[in-house]
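One file, my_file-v1.txt, is given below (compact mmCIF, C-alpha atoms and all ligand atoms).
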# COMPACT_ATOMS: atom_id res chain seq x y z
CA MET A 9 0.00 0.00 0.00
CA PRO A 10 1.19 3.52 -0.67
CA SER A 11 2.39 5.24 2.49
CA SER A 12 0.21 7.74 4.25
CA SER A 13 2.50 10.62 3.30
CA CYS A 14 1.53 10.10 -0.31
CA GLN A 15 -1.20 12.21 -1.64
CA TYR A 16 -3.97 10.55 -3.66
CA ILE A 17 -5.58 11.96 -6.77
CA PRO A 18 -8.49 9.71 -7.75
CA THR A 19 -8.22 8.32 -11.26
CA ASP A 20 -10.27 5.69 -13.01
CA THR A 21 -7.66 3.62 -14.82
CA HIS A 22 -10.34 1.49 -16.42
CA LYS A 23 -11.15 4.39 -18.69
CA ALA A 24 -9.07 3.91 -21.82
CA HIS A 25 -7.61 7.40 -21.77
CA VAL A 26 -6.34 7.25 -18.21
CA PRO A 27 -2.85 5.76 -17.98
CA LEU A 28 -2.02 3.27 -15.22
CA ILE A 29 1.21 5.11 -14.49
CA PHE A 30 1.88 8.69 -15.32
CA GLY A 31 4.73 11.05 -14.80
CA GLU A 32 4.59 14.81 -14.85
CA ASN A 33 7.68 16.98 -15.29
CA VAL A 34 9.85 14.34 -13.63
CA SER A 35 13.52 15.19 -13.17
CA CYS A 36 16.34 13.31 -11.51
CA THR A 37 19.85 14.59 -10.96
CA PHE A 38 22.85 12.61 -9.77
CA ILE A 39 25.30 14.61 -7.72
CA GLY A 40 28.82 13.23 -7.77
CA LYS A 41 32.06 14.71 -9.09
CA GLN A 42 29.86 16.16 -11.77
CA GLN A 43 26.17 16.90 -11.64
CA VAL A 44 24.26 14.77 -14.18
CA LEU A 45 20.69 15.59 -15.13
CA ALA A 46 19.81 11.97 -15.96
CA VAL A 47 16.07 12.58 -16.46
CA ASP A 48 15.03 16.05 -17.52
CA ALA A 49 11.43 17.19 -16.89
CA VAL A 50 9.73 14.26 -18.63
CA SER A 51 5.99 13.64 -18.80
CA PHE A 52 4.59 10.30 -19.89
CA GLY A 53 1.71 7.88 -19.57
CA ILE A 54 1.86 4.08 -19.43
CA GLY A 55 -1.23 2.08 -20.32
CA GLU A 56 -2.48 -0.93 -18.35
CA GLY A 57 -2.16 -4.49 -19.65
CA LYS A 58 0.31 -3.81 -22.40
CA ILE A 59 4.02 -3.80 -23.15
CA THR A 60 5.76 -0.43 -23.20
CA ALA A 61 9.42 -0.18 -24.21
CA ILE A 62 11.70 2.67 -23.17
CA ILE A 63 14.33 2.96 -25.89
CA GLY A 64 17.28 5.21 -26.57
CA GLU A 65 21.04 5.23 -26.84
CA SER A 66 23.27 4.34 -23.90
CA GLY A 67 23.25 7.01 -21.16
CA SER A 68 19.98 8.56 -22.32
CA GLY A 69 18.31 8.01 -18.92
CA LYS A 70 16.30 4.82 -19.53
CA SER A 71 17.38 2.90 -16.42
CA THR A 72 16.94 6.01 -14.29
CA LEU A 73 13.39 6.48 -15.58
CA LEU A 74 12.62 2.81 -14.81
CA LYS A 75 13.90 3.27 -11.24
CA LEU A 76 11.80 6.42 -10.83
CA ILE A 77 8.69 4.50 -11.92
CA TYR A 78 9.47 1.72 -9.42
CA GLY A 79 10.30 4.15 -6.60
CA LEU A 80 13.95 3.12 -6.21
CA LEU A 81 14.87 6.72 -6.97
CA ALA A 82 12.98 9.82 -5.88
CA PRO A 83 12.44 12.56 -8.45
CA ASP A 84 13.94 15.90 -7.46
CA ALA A 85 11.13 17.63 -9.33
CA GLY A 86 7.77 16.46 -10.65
CA GLU A 87 6.02 13.25 -9.66
CA VAL A 88 5.22 9.72 -10.73
CA ARG A 89 1.75 8.31 -9.98
CA TYR A 90 0.44 4.75 -10.00
CA ARG A 91 -3.37 4.41 -10.11
CA GLY A 92 -3.49 7.98 -8.94
CA TRP A 93 -1.19 7.40 -5.96
CA GLN A 94 2.18 9.04 -5.79
CA VAL A 95 4.81 6.28 -6.04
CA PRO A 96 6.44 5.94 -2.61
CA THR A 97 10.24 6.20 -2.51
CA ARG A 98 12.93 5.43 0.07
CA LYS A 99 11.86 8.33 2.24
CA ASP A 100 8.31 6.92 2.52
CA LYS A 101 9.04 3.23 2.70
CA LEU A 102 11.58 0.94 4.39
CA ILE A 103 11.89 -1.58 1.58
CA PRO A 104 12.25 0.33 -1.68
CA GLY A 105 10.18 -0.62 -4.70
CA HIS A 106 6.45 -0.34 -5.31
CA ASP A 107 4.47 -3.27 -3.85
CA ALA A 108 2.41 -3.77 -7.03
CA MET A 109 5.55 -3.90 -9.21
CA LYS A 110 8.56 -6.16 -9.62
CA LEU A 111 11.85 -5.18 -11.23
CA VAL A 112 14.09 -7.61 -13.09
CA SER A 113 17.36 -5.72 -12.99
CA GLN A 114 20.33 -6.01 -15.33
CA GLY A 115 22.90 -8.64 -14.42
CA PHE A 116 20.74 -11.06 -12.38
CA ASP A 117 22.00 -9.59 -9.08
CA ASP A 118 18.89 -10.90 -7.29
CA LEU A 119 19.53 -14.54 -8.16
CA ASN A 120 21.28 -16.88 -5.74
CA THR A 121 23.63 -18.49 -8.22
CA TYR A 122 24.59 -21.37 -5.89
CA ALA A 123 21.02 -22.44 -5.25
CA ASN A 124 18.98 -24.40 -7.76
CA VAL A 125 16.27 -22.98 -9.99
CA TRP A 126 13.37 -24.31 -7.90
CA ASP A 127 14.69 -22.78 -4.64
CA ASN A 128 15.43 -19.45 -6.31
CA VAL A 129 11.81 -19.17 -7.37
CA ALA A 130 10.02 -20.91 -4.46
CA SER A 131 11.89 -18.77 -1.91
CA GLN A 132 9.74 -15.82 -3.00
CA LEU A 133 6.67 -17.49 -1.44
CA SER A 134 5.93 -17.93 2.25
CA ASN A 135 5.78 -21.33 3.97
CA THR A 136 2.24 -20.88 5.26
CA ASN A 137 0.79 -23.14 2.58
CA LEU A 138 3.38 -25.61 1.31
CA LYS A 139 1.04 -27.27 -1.18
CA LEU A 140 0.19 -23.94 -2.77
CA LYS A 141 3.87 -22.99 -2.76
CA GLU A 142 4.72 -26.14 -4.69
CA GLU A 143 1.84 -25.71 -7.14
CA ARG A 144 2.64 -22.10 -7.92
CA THR A 145 6.37 -22.69 -8.32
CA SER A 146 5.73 -25.61 -10.62
CA ALA A 147 3.21 -23.61 -12.68
CA ILE A 148 5.45 -20.59 -13.21
CA LEU A 149 8.47 -22.74 -14.14
CA LYS A 150 6.31 -24.51 -16.72
CA LYS A 151 4.98 -21.24 -18.08
CA LEU A 152 8.51 -19.95 -18.65
CA ARG A 153 9.58 -23.39 -19.99
CA ILE A 154 12.27 -24.07 -17.39
CA ASP A 155 10.56 -26.87 -15.39
CA HIS A 156 13.17 -29.31 -16.74
CA LEU A 157 15.89 -27.16 -15.11
CA ALA A 158 14.33 -27.17 -11.62
CA VAL A 159 17.24 -28.97 -9.88
CA GLN A 160 20.04 -27.26 -11.79
CA ARG A 161 22.23 -24.67 -10.10
CA VAL A 162 21.62 -21.18 -11.48
CA ALA A 163 25.41 -20.77 -11.89
CA ASP A 164 25.38 -23.50 -14.54
CA LEU A 165 22.66 -21.95 -16.71
CA SER A 166 22.95 -19.94 -19.92
CA GLY A 167 22.14 -16.21 -19.94
CA GLY A 168 18.74 -16.86 -21.50
CA GLU A 169 17.87 -19.49 -18.87
CA LYS A 170 18.96 -17.20 -16.04
CA GLN A 171 16.73 -14.49 -17.48
CA ARG A 172 13.80 -16.92 -17.38
CA VAL A 173 14.54 -17.74 -13.71
CA ALA A 174 14.65 -14.01 -12.92
CA ILE A 175 11.28 -13.51 -14.65
CA CYS A 176 9.76 -16.46 -12.75
CA ARG A 177 10.95 -14.99 -9.45
CA ALA A 178 9.43 -11.65 -10.38
CA LEU A 179 6.11 -13.09 -11.53
CA ILE A 180 5.43 -15.72 -8.88
CA ASN A 181 3.71 -13.27 -6.56
CA ALA A 182 1.56 -11.99 -9.42
CA PRO A 183 2.63 -8.33 -9.52
CA GLU A 184 0.54 -5.91 -11.57
CA VAL A 185 3.58 -4.43 -13.29
CA LEU A 186 6.77 -6.15 -14.44
CA LEU A 187 9.75 -3.86 -15.06
CA MET A 188 12.73 -5.21 -17.00
CA ASP A 189 16.05 -3.50 -17.69
CA GLU A 190 17.65 -4.71 -20.95
CA PRO A 191 16.07 -8.18 -20.59
CA PHE A 192 17.36 -9.57 -23.87
CA ASN A 193 21.00 -8.48 -23.54
CA GLN A 194 22.25 -11.88 -22.48
CA VAL A 195 19.77 -13.93 -24.47
CA ASP A 196 21.00 -15.47 -27.75
CA ALA A 197 19.27 -14.01 -30.79
CA SER A 198 17.72 -17.38 -31.64
CA PHE A 199 16.06 -17.65 -28.20
CA ARG A 200 15.06 -13.99 -28.04
CA ASP A 201 11.98 -14.38 -30.21
CA ILE A 202 10.71 -17.30 -28.11
CA LEU A 203 11.21 -15.41 -24.85
CA GLN A 204 9.50 -12.35 -26.34
CA GLN A 205 6.54 -14.46 -27.46
CA ASP A 206 6.30 -16.01 -23.98
CA ILE A 207 6.19 -12.53 -22.43
CA LYS A 208 3.52 -11.49 -24.95
CA ASN A 209 1.44 -14.56 -24.08
CA ILE A 210 1.65 -13.85 -20.35
CA VAL A 211 0.51 -10.26 -20.96
CA ALA A 212 -2.41 -11.48 -23.09
CA GLU A 213 -3.43 -14.14 -20.53
CA THR A 214 -3.04 -12.18 -17.32
CA GLY A 215 -3.36 -8.49 -18.20
CA LEU A 216 0.11 -7.87 -16.76
CA THR A 217 1.61 -4.45 -17.54
CA VAL A 218 5.20 -4.68 -18.77
CA ILE A 219 7.71 -1.83 -18.99
CA LEU A 220 11.07 -2.71 -20.44
CA VAL A 221 14.23 -0.87 -21.35
CA SER A 222 16.25 -1.51 -24.49
CA HIS A 223 19.10 0.23 -26.30
CA ASP A 224 18.34 -1.81 -29.44
CA PRO A 225 14.86 -0.81 -30.54
CA THR A 226 14.83 -3.19 -33.48
CA GLU A 227 14.63 -6.02 -30.95
CA VAL A 228 11.48 -4.59 -29.34
CA LEU A 229 9.65 -3.18 -32.38
CA ALA A 230 7.65 -6.39 -32.71
CA LEU A 231 7.18 -6.83 -28.96
CA ALA A 232 6.03 -3.50 -27.60
CA GLU A 233 2.67 -1.85 -28.20
CA GLU A 234 4.03 1.50 -27.08
CA LEU A 235 7.47 3.07 -27.33
CA ILE A 236 8.99 5.85 -25.27
CA VAL A 237 12.04 7.30 -27.04
CA MET A 238 14.70 8.91 -24.81
CA LYS A 239 17.69 11.10 -25.61
CA ASP A 240 19.84 13.07 -23.15
CA GLY A 241 17.32 12.61 -20.33
CA LYS A 242 14.37 13.83 -22.38
CA ILE A 243 11.46 11.96 -23.94
CA LEU A 244 11.52 12.83 -27.63
CA ASP A 245 8.66 10.67 -28.85
CA GLN A 246 5.99 8.38 -27.46
CA GLY A 247 3.62 6.26 -29.52
CA ALA A 248 2.86 3.00 -31.28
CA PRO A 249 5.94 1.38 -32.88
CA GLU A 250 4.45 1.41 -36.38
CA LYS A 251 3.55 5.08 -36.16
CA LEU A 252 6.96 6.10 -34.82
CA TYR A 253 8.69 3.96 -37.45
CA LEU A 254 6.72 5.31 -40.40
CA GLN A 255 6.06 8.84 -39.18
CA PRO A 256 8.83 9.80 -36.77
CA THR A 257 8.83 13.41 -35.63
CA GLN A 258 12.56 13.45 -34.88
CA ALA A 259 15.66 12.54 -36.87
CA TYR A 260 16.95 10.66 -33.78
CA THR A 261 13.87 8.41 -33.73
CA ALA A 262 14.10 7.76 -37.49
CA LYS A 263 17.76 6.79 -37.21
CA LEU A 264 17.22 4.69 -34.09
CA LEU A 265 14.22 2.72 -35.38
CA ALA A 266 14.83 2.57 -39.13
CA LYS A 267 18.52 3.46 -39.63
CA SER A 268 17.00 6.16 -41.79
CA ASN A 269 18.93 8.54 -44.06
CA ILE A 270 18.44 12.11 -42.81
CA LEU A 271 18.88 14.88 -45.38
CA THR A 272 19.03 18.63 -44.90
CA PRO A 273 16.64 20.71 -47.07
CA GLN A 274 19.61 21.59 -49.34
CA GLN A 275 20.60 17.95 -49.76
CA ALA A 276 16.96 16.99 -50.39
CA SER A 277 16.67 19.66 -53.07
CA SER A 278 19.71 18.25 -54.92
CA ILE A 279 17.79 14.97 -55.35
CA GLY A 280 14.56 16.70 -56.36
CA ILE A 281 12.69 16.99 -53.03
CA GLN A 282 11.76 20.63 -52.41
CA THR A 283 11.12 21.36 -48.72
CA ASN A 284 12.32 23.54 -45.88
CA LYS A 285 12.32 20.59 -43.47
CA GLN A 286 14.68 17.71 -42.78
CA VAL A 287 13.83 14.62 -44.81
CA ALA A 288 13.93 11.01 -43.57
CA ILE A 289 14.44 8.35 -46.23
CA HIS A 290 14.36 4.82 -44.81
CA GLN A 291 16.73 2.35 -46.46
CA GLU A 292 13.82 0.32 -47.84
CA TRP A 293 12.34 3.44 -49.49
CA ILE A 294 15.13 3.50 -52.06
CA SER A 295 14.81 1.63 -55.34
CA LEU A 296 18.12 0.87 -57.05
CA ALA A 297 17.15 0.86 -60.71
CA GLY A 298 15.00 2.67 -63.24
CA GLY A 299 15.34 6.08 -61.58
CA GLU A 300 16.48 9.50 -62.70
CA LEU A 301 19.12 10.04 -60.03
CA LYS A 302 22.65 8.90 -60.77
CA PHE A 303 24.40 7.68 -57.64
CA THR A 304 27.89 6.13 -57.40
CA LEU A 305 28.26 2.99 -55.29
CA VAL A 306 30.97 3.83 -52.74
CA GLY A 307 30.48 1.06 -50.17
CA ILE A 308 28.95 -2.37 -49.66
CA ARG A 309 28.23 -3.81 -46.21
CA PHE A 310 27.29 -7.45 -45.71
CA ARG A 311 24.19 -7.61 -43.49
CA GLY A 312 23.32 -11.27 -43.74
CA PHE A 313 20.10 -11.58 -45.69
CA TYR A 314 20.77 -8.30 -47.52
CA GLN A 315 23.60 -5.98 -48.47
CA GLU A 316 23.66 -2.37 -47.37
CA LEU A 317 24.79 -0.21 -50.28
CA ILE A 318 26.33 3.20 -49.65
CA LEU A 319 25.52 5.54 -52.53
CA LYS A 320 26.84 9.03 -53.26
CA HIS A 321 25.43 11.84 -55.37
CA GLU A 322 27.12 15.25 -54.96
CA ASP A 323 27.14 15.71 -51.15
CA VAL A 324 24.25 13.29 -50.55
CA ILE A 325 25.04 9.88 -49.09
CA LEU A 326 22.24 7.30 -49.01
CA HIS A 327 22.31 3.90 -47.39
CA ALA A 328 20.02 1.46 -49.21
CA MET A 329 19.10 -2.22 -49.04
CA ASP A 330 19.89 -4.71 -51.78
CA PHE A 331 18.53 -8.24 -51.54
CA HIS A 332 20.52 -9.54 -54.52
CA LYS A 333 24.12 -10.45 -53.90
CA ASN A 334 26.99 -9.31 -56.13
CA ARG A 335 24.72 -7.38 -58.50
CA TYR A 336 26.82 -4.25 -58.34
CA ALA A 337 30.50 -3.48 -57.89
CA LEU A 338 32.12 -0.49 -56.21
CA GLY A 339 32.26 2.45 -58.60
CA ASN A 340 29.11 1.42 -60.52
CA THR A 341 26.58 4.13 -61.31
CA LEU A 342 23.06 3.29 -60.15
CA ALA A 343 19.82 4.90 -61.38
CA VAL A 344 18.17 5.48 -58.01
CA THR A 345 14.54 6.32 -57.21
CA VAL A 346 13.36 7.52 -53.81
CA THR A 347 9.99 5.74 -53.62
CA LYS A 348 8.92 7.35 -50.35
CA TYR A 349 10.15 9.94 -47.86
CA HIS A 350 8.95 11.51 -44.65
CA LEU A 351 9.31 15.16 -43.70
CA LEU A 352 10.45 15.78 -40.13
P1 LIG B 401 20.71 4.40 -19.77
O1 LIG B 401 20.02 3.37 -18.95
O2 LIG B 401 19.85 5.02 -20.83
O3 LIG B 401 21.99 3.89 -20.35
P2 LIG B 401 21.10 5.74 -17.23
O4 LIG B 401 19.73 6.06 -16.77
O5 LIG B 401 21.77 4.56 -16.60
O6 LIG B 401 21.12 5.62 -18.82
O7 LIG B 401 22.03 6.99 -16.98
C1 LIG B 401 21.70 8.29 -17.41
C2 LIG B 401 22.83 9.24 -17.02
O8 LIG B 401 22.95 9.30 -15.60
C3 LIG B 401 24.20 8.80 -17.51
O9 LIG B 401 24.94 9.94 -17.86
C4 LIG B 401 24.80 8.11 -16.31
O10 LIG B 401 26.20 8.18 -16.36
C5 LIG B 401 24.21 8.89 -15.17
N1 LIG B 401 24.04 8.05 -13.96
C6 LIG B 401 23.25 6.96 -13.86
N2 LIG B 401 23.27 6.45 -12.62
C7 LIG B 401 24.12 7.24 -11.91
C8 LIG B 401 24.59 7.23 -10.54
N3 LIG B 401 24.17 6.32 -9.67
N4 LIG B 401 25.45 8.20 -10.19
C9 LIG B 401 25.87 9.14 -11.06
N5 LIG B 401 25.47 9.21 -12.34
C10 LIG B 401 24.62 8.28 -12.77
MG MG B 402 20.57 1.40 -18.59

Can you present the structure in this file as structure tokens?
Amino acid sequence: MPSSSCQYIPTDTHKAHVPLIFGENVSCTFIGKQQVLAVDAVSFGIGEGKITAIIGESGSGKSTLLKLIYGLLAPDAGEVRYRGWQVPTRKDKLIPGHDAMKLVSQGFDDLNTYANVWDNVASQLSNTNLKLKEERTSAILKKLRIDHLAVQRVADLSGGEKQRVAICRALINAPEVLLMDEPFNQVDASFRDILQQDIKNIVAETGLTVILVSHDPTEVLALAEELIVMKDGKILDQGAPEKLYLQPTQAYTAKLLAKSNILTPQQASSIGIQTNKQVAIHQEWISLAGGELKFTLVGIRFRGFYQELILKHEDVILHAMDFHKNRYALGNTLAVTVTKYHLL
């Protein structure tokens, strides 16, 4: 329960437009050798029963924002509210962390690596009802597909398996909100999709609210229903992944999500786009043949299932995708068409 020092503003979170968690002008400064404004007057809303991803480059304030939401850090200005209640912080509460939330931190620091998987998870439940304790532990291990690892020591598990143990521990007491900091960092790419699908299924089945942090937005584009884009402590963009991908409002978001080419108005004009705004051209919006624009191929990068071509025309450099191998050689002239662009 929120502490008595916390002021309550009634909100009806069942109404679609009322976020479960909202922040208003939240700032957080670290004072050390240097003063760092890690989160700078951000306002945001997080909807109930869905997956929200906080994305941005390293040092942009993502982990700090997650800790502010959980109450591990206190904002030095503004406030964070959960169901209308101000989130209690260390000054209000002996054990930090909101009671309705669970945080899976980076690096598995909460796991007891010398104990086995079962004990790591079961230890989160009390001994008042041993039968229930056994049932719930068994059920959550099955749900996260690690029941076959129950007697293994955590120290002997892979990164992906440890992550599943950490999620089981967090979920066994049925929190309303699961917070995860870079949860896929130590999970092999081939297992990432399966873990993401498992998280999606749990959200769909239980109505759990998930907030996760990632520095690689491409890995969460398919997972999250909502993205919060951070840069230098500020929130630049918030919205549905598809909307932010196709209609970003900031060059930073376009580069982060789509590795987009960003052109100045002058550069755009030299390839026939007349505007006074910056122009975002995603790599897949460039057709490599049949166009009017003559570009020289100055670089080829192997990207696995495609090649990234680096093309130059006057002072315009475009990165484009080519799905055919060895079609072009360095120095070739390509007749490029920009099939689509987005004004920022
Ligand atoms: P991200 O998670 O996006 O990489 P963080 O929220 O961890 O970023 O950090 C944001 C900024 O705050 C960075 O400049 C970081 O160096 C600084 N910072 C984070 N935690 C601390 C701390 N405990 N003490 C001092 N500075 C910190
Ligand atoms: Mg971080």

Residues up to 6 Å from ligand LIG 401 (chain B), counting all atoms listed in the file: could you list those as a list of chain:residue names?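 Sorted by chain and then by number, the residues are A:Phe38, A:Val44, A:Ala46, A:Ser66, A:Gly67, A:Ser68, A:Gly69, A:Lys70, A:Ser71, A:Thr72.
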
Write the residues you've just listed into a file as a compact mmCIF listing (two decimals), in the frame of the given file, and include C-alpha atoms for each of them.
# COMPACT_ATOMS: atom_id res chain seq x y z
CA PHE A 38 22.85 12.61 -9.77
CA VAL A 44 24.26 14.77 -14.18
CA ALA A 46 19.81 11.97 -15.96
CA SER A 66 23.27 4.34 -23.90
CA GLY A 67 23.25 7.01 -21.16
CA SER A 68 19.98 8.56 -22.32
CA GLY A 69 18.31 8.01 -18.92
CA LYS A 70 16.30 4.82 -19.53
CA SER A 71 17.38 2.90 -16.42
CA THR A 72 16.94 6.01 -14.29

Give the residue list for ligand MG 402 (chain B) at 12 Å, counting only C-alpha atoms and all ligand atoms, as a PyMOL selection string, sorted by chain and then by residue number. chain A and resi 46+62-75+113-115+188-191+193+220-224+238+241

Using only C-alpha atoms, please write the residues we just selected to a file, as a PDB file, keeping the file's coordinate frame.
ATOM      1  CA  ALA A  46      19.810  11.970 -15.960  1.00  0.00           C
ATOM      2  CA  ILE A  62      11.700   2.670 -23.170  1.00  0.00           C
ATOM      3  CA  ILE A  63      14.330   2.960 -25.890  1.00  0.00           C
ATOM      4  CA  GLY A  64      17.280   5.210 -26.570  1.00  0.00           C
ATOM      5  CA  GLU A  65      21.040   5.230 -26.840  1.00  0.00           C
ATOM      6  CA  SER A  66      23.270   4.340 -23.900  1.00  0.00           C
ATOM      7  CA  GLY A  67      23.250   7.010 -21.160  1.00  0.00           C
ATOM      8  CA  SER A  68      19.980   8.560 -22.320  1.00  0.00           C
ATOM      9  CA  GLY A  69      18.310   8.010 -18.920  1.00  0.00           C
ATOM     10  CA  LYS A  70      16.300   4.820 -19.530  1.00  0.00           C
ATOM     11  CA  SER A  71      17.380   2.900 -16.420  1.00  0.00           C
ATOM     12  CA  THR A  72      16.940   6.010 -14.290  1.00  0.00           C
ATOM     13  CA  LEU A  73      13.390   6.480 -15.580  1.00  0.00           C
ATOM     14  CA  LEU A  74      12.620   2.810 -14.810  1.00  0.00           C
ATOM     15  CA  LYS A  75      13.900   3.270 -11.240  1.00  0.00           C
ATOM     16  CA  SER A 113      17.360  -5.720 -12.990  1.00  0.00           C
ATOM     17  CA  GLN A 114      20.330  -6.010 -15.330  1.00  0.00           C
ATOM     18  CA  GLY A 115      22.900  -8.640 -14.420  1.00  0.00           C
ATOM     19  CA  MET A 188      12.730  -5.210 -17.000  1.00  0.00           C
ATOM     20  CA  ASP A 189      16.050  -3.500 -17.690  1.00  0.00           C
ATOM     21  CA  GLU A 190      17.650  -4.710 -20.950  1.00  0.00           C
ATOM     22  CA  PRO A 191      16.070  -8.180 -20.590  1.00  0.00           C
ATOM     23  CA  ASN A 193      21.000  -8.480 -23.540  1.00  0.00           C
ATOM     24  CA  LEU A 220      11.070  -2.710 -20.440  1.00  0.00           C
ATOM     25  CA  VAL A 221      14.230  -0.870 -21.350  1.00  0.00           C
ATOM     26  CA  SER A 222      16.250  -1.510 -24.490  1.00  0.00           C
ATOM     27  CA  HIS A 223      19.100   0.230 -26.300  1.00  0.00           C
ATOM     28  CA  ASP A 224      18.340  -1.810 -29.440  1.00  0.00           C
ATOM     29  CA  MET A 238      14.700   8.910 -24.810  1.00  0.00           C
ATOM     30  CA  GLY A 241      17.320  12.610 -20.330  1.00  0.00           C
TER      31      GLY A 241
END

State, in Å with one decimal place, the distance from CA of Leu187 (chain A) to CA of Ala259 (chain A). 27.9 Å

For a quick check of understanding, using all atoms listed in the file, which of A:Gln132, A:Val173, A:Glu56, A:Gln160 has the smallest distance to Leu119 (chain A)? A:Val173

With 8 Å as the cut-off and all atoms listed in the file counted, what is the closest atom pair between each nearby residue of region 173-274 of chain A and region 128-131 of chain A? Distances in Å to one decimal, ordered by chain and number, as CSV.
residue,atom,partner,partner_atom,distance
A:Val173,CA,A:Val129,CA,7.0
A:Cys176,CA,A:Val129,CA,6.4
A:Arg177,CA,A:Val129,CA,4.7
A:Ile180,CA,A:Val129,CA,7.4

Could the residues of region 307-327 of chain A that have an atom at most 9 Å from region 278-302 of chain A be listed as CSV, each with its closest atom pair and the distance in Å to one decimal, counting only C-alpha atoms and ordered by chain and ascending residue number?
residue,atom,partner,partner_atom,distance
A:Glu316,CA,A:Gln291,CA,8.4
A:Lys320,CA,A:Lys302,CA,8.6
A:His321,CA,A:Lys302,CA,6.7
A:Glu322,CA,A:Ser278,CA,8.0
A:Asp323,CA,A:Ser278,CA,8.7
A:Val324,CA,A:Ser278,CA,8.0
A:Leu326,CA,A:Gln291,CA,7.8
A:His327,CA,A:Gln291,CA,5.9

Find the residues near Tyr253 (chain A): any atom within 9 Å, counting all atoms listed in the file, skip ones fewer than 3 places away on the same chain, and give them as a CSV table (one decimal) with C-alpha atoms, in the coordinates of the input.
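And here's out.csv as it stands now:
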chain,number,residue,atom,x,y,z
A,229,LEU,CA,9.6,-3.2,-32.4
A,248,ALA,CA,2.9,3.0,-31.3
A,249,PRO,CA,5.9,1.4,-32.9
A,250,GLU,CA,4.4,1.4,-36.4
A,256,PRO,CA,8.8,9.8,-36.8
A,261,THR,CA,13.9,8.4,-33.7
A,262,ALA,CA,14.1,7.8,-37.5
A,265,LEU,CA,14.2,2.7,-35.4
A,266,ALA,CA,14.8,2.6,-39.1

Between A:Leu264, A:Val185, A:Ala163, A:Leu231, single out the one closest to Ile207 (chain A), counting all atoms listed in the file.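 Checking each candidate against Ile207 (chain A), we get A:Leu231 as the closest.
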